Every structure is written in C-alpha cells, then in structure tokens.
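J.: Submitted below is the structure of interest, expressed as structure tokens.
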Amino acid sequence: MLENYAPLLILLSLALGFTVSQVVLSEVAGRRRKNVGKGEAYECGMEPVGGARIRLSIHFYLVAVLFILFDVESVFLVLWAVAAEGFKEQGLALFVFGEIALFVFILGLALAYVWRKGGLEWDR
Amino acid sequence: MNPDIAQRILSQATLDASGPFLALALGVLVLVFLELLPALAALRQIVFLGSLAAAAWAATRTLFGPEIAAFEGTYVANSTTSWWALLFVASALIAWIFGRRYYRDEARFEGEHDILLLTAASGMVLMAGSRDLLVFFVGLETLSVPLYALSGFRRARRESVEAGLKYFVLGAFAAAIYLMGAALLYAGTGTIALAGFQERSELLETPLALTGLALIAASLFFKISVFPFHLWVPDVYQGAPSPVTTFMATGTKAAAFAFLLPLSFALPPESAGLVAAIALITMAAGNLGALVQTDMKRLLAYSGVAHAGTMLLALAGMHADPESGGASQAVLFYMAAYTFTAGGAFGLLTMLETQGGRPVTIDGLRGLARQRPGVAAALALFMLSLGGIPATGGFLGKYLVFSVAVRADMIAAAVVGVLISVVALGYYLRIIVAMYMQPEDATRPVPAESRPLSSAMALACAAMVLVLGVLPGWFLANVR
C-alpha cells in the first residue's frame, strides 16, 4: 500500500532538490547587478504599489476569453481519452473517435473564425 | 459501461427527439462557416431561414406523436415541447424579419447577429425539452450568453452597452443561484433528473432540498421577470436593440416557463398560495410601472412583467389542485398569443424606430392613424390583445389562465387578478388615443420608406392574434 506512494516521494524530493539547489547556486555563483526593478516585489508584470484601479488594454480581454475557450477544450480531451479506453474494448473505437473528432472540428471552426476576423492579432 | 450505448445514442428516436435542436445547431455551424468566406455572404439569409424551417419541420414530426425520450431520459420530445419549439422558431423569425435594415453602424456584424440569434433559439429548444437540471442549465446558458452579447450589440450607443452589462451581471448571478440550487437539490435527493424527483418525492421535503428548490425557482423567476426579480427588465428591454428586445420579450420568457411547468410538481403543495401572491404582486408591479412610462419599449417591458405574473397565476392554480389540469395548455396558449402580440408590437416599434431614427415614445405616436393607417391599426390591435379585449388571442389566454385559478378554488386570487388587469387598459388605451385622437407632431417627418417584409410580418402577427382569438378551436383541441 505505502510503496505505491514511492513515485510521489521521488517526485517530491526531486522537486525540492531542484528548487533548493537553484536558489543556493544562484546565491553562491550568481553575479549581482542592482537596479530599481529588481528591488521590487514580483507581481506578474504589474506595478506592485499603487491604486488597484488602473486601465488595462482591452486586448487582454479577448485573449483571456479565447484562452479560456481552448483551455476548457483540452480538459474535455483528457476526460475523453480516459473514457475512450473502455469504448475501445467494446469495439466502439470508431464511434468515440467520431464523436471527439466532431467536437474538435467545431472548435477548429471557431478558431478559424477568430483567426479570419483578426482576433489573434494584437494590434488592429 | 453499457455496450449498446452507441446504438441508443444514434437511434432514430434520438434523432427525432432532438431534431429541432440539431437543425438550429447545424444552422449556427454553417453560418459560422459562411463568415469565413465573404464571397458566400449572400447565402446567409437562406441558411438562416432554412435552419428555422428545418427546425419547424422537425418539431411538427413529434407534434402529435407519443413522448420520445432521448439521451437516457434527460431530454424528451412530446406534443408540448414541439409546440414550444414552434413558438421559439416563430419568435426568432419575427425578431429577425423586423430586424432587417435596423442596424446601420453595426451592419457589417449582421452575420454575427444572426449566429447569436440562432444560437439563442437552439438554447430555448434545449430548455423546453430538458428533463434534467444540468441539461436545462446548458440550454439556459446557450440562450443567455448570446443574449448578453446581443443586448450590447449597438456598442456605439451607451444605452445598449448599459443594457448588455446589466443583463450580463444579473444573468450571471441568476445562473450561479441556479447552480447552487441544483447542487443543494442533488445533495438532498441524490438525483438531478426530474423523474428522479418524482420517485423520491419524500426527500423533496427536507430543508436541504427545499432550499435548493427555492434557489432554482428564484433564478427561473428572474428569467421570466417576476417580482421581485423584474427590475432588470425595463432597463434591458429599453436599452437593447429593438429586434433583440422583440426576441427576448417573447422567447426567453416562454423558454423559462416551458421548464417551470414540468418542474413545478417538485415545489411543496403549501407554496401554491405564495406563488399566487407573487403572481398578483408581479401583475400589480408591472401594470403600475407601465402607467407612468413615456418610452414605448419601456412601457411594453413593464407590460411584459405583468403578463408573466398572469401566467404564473396558472402555475399557482395547477399547484393548488394538480387534478384541475389545463395549466400547461393555458400557459402555452397565453404564451403563443403573447408571442404574436408582443412580437408584432415590438416589431412595429422596431420598424418605426428604424425609419424615424430615434426611440419611439407615446407622444411620437400621435396622429399615426392619419399618416400610416395600416401601422396604427395593427398596433391598436396588438394593444387591445395585450389588454385582453375579447376577439383577440390575448383575451382567450387570460380567460384560460383565470379559469385554471378558479377551477383550483383560488377565486379570490382570480378576482384580484382580473381587477389588476383592468388597470393595464389605462396605458394600452392611452396609446390608441394618441394614435387616433391626437394631432400629429408637425415637426416630425413622415417616413416614406416602404418595408414590404416587415409589413407582411406585422400582418401575419395580426392575423395570428385574430385567429387565436376568434377561431381557437383547433388550437384548444390540439395544444396540450
């Protein structure tokens, strides 16, 4: 029972070892060039200090919507892949493949539409 | 896993049951494809109308047959759902025809407009046929999300953007409340299928399930615009582009009612009085609100709230006495009459707004009978039908609804309801007075542009209102 967790333990130790080694290595061997930007807390490219009500480019909105759309698609694909095994054993491989192919085709059509309308271009 | 699942999913019965939905969904896909190829833009209208026609044809195939269950019983097609589907097709057609040439700045997005309209219609069909809380939710979102976008479609106009944002924020809340209710109901009963609720009806009495039902009812009441969830209606109806308002006023309400009817058995019997009270307050709120309006779209929005309250009274009657029957027929007939009446009225307002270039007010209608007798006559007929004057479909709808309440021994509620309905004549007649008995505004130019398609549609709506009012026998015999 417990040995089933061995891969997890290995992964954990690898992750820990890698992180700690990187931090220590850069501390020991890294060069230091100080500037203003480096001194600030990292906040995904935004100003960490100041009002929260800043204007963002509307472009981000479209990108975010499209990202979520195709992000959710990949979630469905994973679920399908898991369920497809059972169908394959019953000789329904073609059927389940057809189903997911239709799904991907519809999403592909949406992508083509977005592309055609210039939704993927940042500066329009 | 069941080996014959593929056979069951791909069976003829499934195809028959989901035919109307498939026709609309396929239409959406083809329309999106056409957007990729500007050379084929001319085919757009053919595809749109073809898709609606195919959906109507598929719905008539199940109109008189027995109930067909599909997708493990989560979706059904029977006579009632087929009538609803036909109604949604009519609603989309009315909105679309009156919406031709309405958009000027946004004309280049008309392809998207049609795609969203057709998507919303497919969502309505899904809502009416669903017998499962999650399938209904998919339909609800398929309907709502396109409508959020359509409400804000005239993005250069502040009112339209405001309507879109308001509808979106409140609609998202309603969706979240619905999901919370579905989750609680599942926690309380262990099922999300309507058939499952029927089997485990004793579990519906638990506090957990009751809370879930209340939340679901609240979100459905939001969609059908019932007090106290009706405050978004005037703002959104007024601000949204007029063709979209036409579609929203007729279709959305019908779709939510189509699911509320089969679901309502799950509500506890004691709630009948509460539902009746909500119905009466909604009628009062709608009619009193409409009395003081000057903008026509806003006035009709409040009037729509009052009509939703009237239909809810049939639901309360069905609830008080499940044996009395006729509630489904009453709501379906009422909604059919309302679709053609309000569809025609909003449609004519769309036409006048397109030609006049500004929103239509009651004052703006003064003297219309002399300038455009046909339009004024049709609008007057629609107002009389909304007010429930005999010989119109609106009267018979009201009669059926109130008789359900009377049969269920809710005589007091029915009497109060009739009295509140009389108030409504105050503003419907004001419009007729403005059109027929007041002098025209000399500064207002008379538009000369002729609109054969819109005129034909208005004529068809008027004819349907009269047929439903004068010769309802066939419908009453076949609509269940």
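Each chain in the structure tokens gets a letter, A, B, ..., in the order shown, and its residues are numbered from 1; ligands are numbered from 1 in order too.
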Which chain A residues are at most 10 Å from chain B (counting only C-alpha atoms), as a PDB file with C-alpha atoms, in the first residue's frame?

T.:
```pdb
ATOM      1  CA  ALA A  83     -13.166   7.127 -21.138  1.00  0.00           C
ATOM      2  CA  GLY A  86     -13.460   1.358 -22.217  1.00  0.00           C
ATOM      3  CA  PHE A  87     -15.218   2.029 -25.502  1.00  0.00           C
ATOM      4  CA  GLU A  89     -12.561  -2.673 -25.693  1.00  0.00           C
ATOM      5  CA  GLN A  90     -16.164  -2.951 -26.811  1.00  0.00           C
ATOM      6  CA  GLY A  91     -15.292  -2.303 -30.435  1.00  0.00           C
ATOM      7  CA  LEU A  92     -16.691   1.228 -30.439  1.00  0.00           C
ATOM      8  CA  PHE A  95     -17.752   5.784 -32.729  1.00  0.00           C
ATOM      9  CA  VAL A  96     -15.944   7.546 -29.889  1.00  0.00           C
ATOM     10  CA  ILE A 106     -16.404  22.554 -34.167  1.00  0.00           C
ATOM     11  CA  LEU A 109     -14.191  26.110 -36.927  1.00  0.00           C
ATOM     12  CA  ALA A 110     -14.332  28.593 -34.053  1.00  0.00           C
ATOM     13  CA  ALA A 112     -10.721  29.607 -37.952  1.00  0.00           C
ATOM     14  CA  TYR A 113     -13.472  32.175 -37.392  1.00  0.00           C
ATOM     15  CA  VAL A 114     -11.443  34.037 -34.762  1.00  0.00           C
ATOM     16  CA  TRP A 115      -8.384  33.953 -37.000  1.00  0.00           C
ATOM     17  CA  ARG A 116     -10.294  35.169 -40.053  1.00  0.00           C
ATOM     18  CA  LYS A 117     -11.810  38.071 -38.103  1.00  0.00           C
TER      19      LYS A 117
END
```

J.: Give the answer as one residue: which of B:Val406, B:Leu425, B:Met464, B:Ala41 has the shortest atom-to-atom distance to B:Arg108, using only C-alpha atoms?

T.: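 Ranked by minimum distance to B:Arg108, first place goes to B:Ala41.
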
J.: What does the distance between atom CA of B:Gly50 and atom CA of B:Ala17 come to in Å, to one decimal place?

T.: 19.2 Å

J.: Give me, as a count of residues only, the residues of stretch 112-241 of chain B that a backbone DSSP run labels alpha helix (DSSP H).

T.: 100

J.: List as a PyMOL selection string the protein and nucleic acid residues near stretch 127-135 of chain B, meaning an atom at most 9 Å away when only C-alpha atoms are counted, but skip any in the same chain fewer than 2 places from it.

T.: chain B and resi 17-18+73-78+80-82+84-85+122-125+137-140+143+179+182+192-195+254-259+262-263

J.: Skip B:Lys398 itself and residues of its chain fewer than 4 positions away, then list as a list of chain:residue names all residues within 9 Å of it, counting only C-alpha atoms.

T.: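 Near neighbours after the sequence-gap exclusion: B:Thr310, B:Met311, B:Ala330, B:Tyr334, B:Gly388, B:Gly393, B:Gly394, B:Phe402, B:Ser403, B:Val418.
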
J.: Could you list, as a PyMOL selection string, every residue within 12 Å of A:Ser74, counting only C-alpha atoms and ignoring same-chain residues fewer than 6 positions away?

T.: chain A and resi 67-68+80-81+100+103-104+107

J.: Could you tell me how far atom CA of B:Leu312 sits from atom CA of B:Met410, in Å to one decimal place?

T.: 13.1 Å

J.: How far is it from atom CA of B:Tyr103 to atom CA of B:Leu348, in Å with one decimal?

T.: 15.3 Å

J.: Counting only C-alpha atoms, figure out which residue out of B:Thr392, B:Thr339, B:Ser91, B:Gln198 gets nearest to B:Ser264.

T.: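 The answer is B:Gln198, which sits nearest to B:Ser264.
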
J.: Restricting the calculation to only C-alpha atoms, which member of B:Gly309, B:Leu126, B:Ala240, B:Asp114 is positioned closest to B:Ala156?

T.: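 Of B:Gly309, B:Leu126, B:Ala240, B:Asp114, the one nearest B:Ala156, counting only C-alpha atoms, is B:Ala240.
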
J.: Measuring between only C-alpha atoms, which one of B:Val401, B:Ala337, B:Leu215, B:Ala284 shows the shortest distance to B:Val470?

T.: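 The shortest atom-to-atom distance to B:Val470 comes from B:Ala337.
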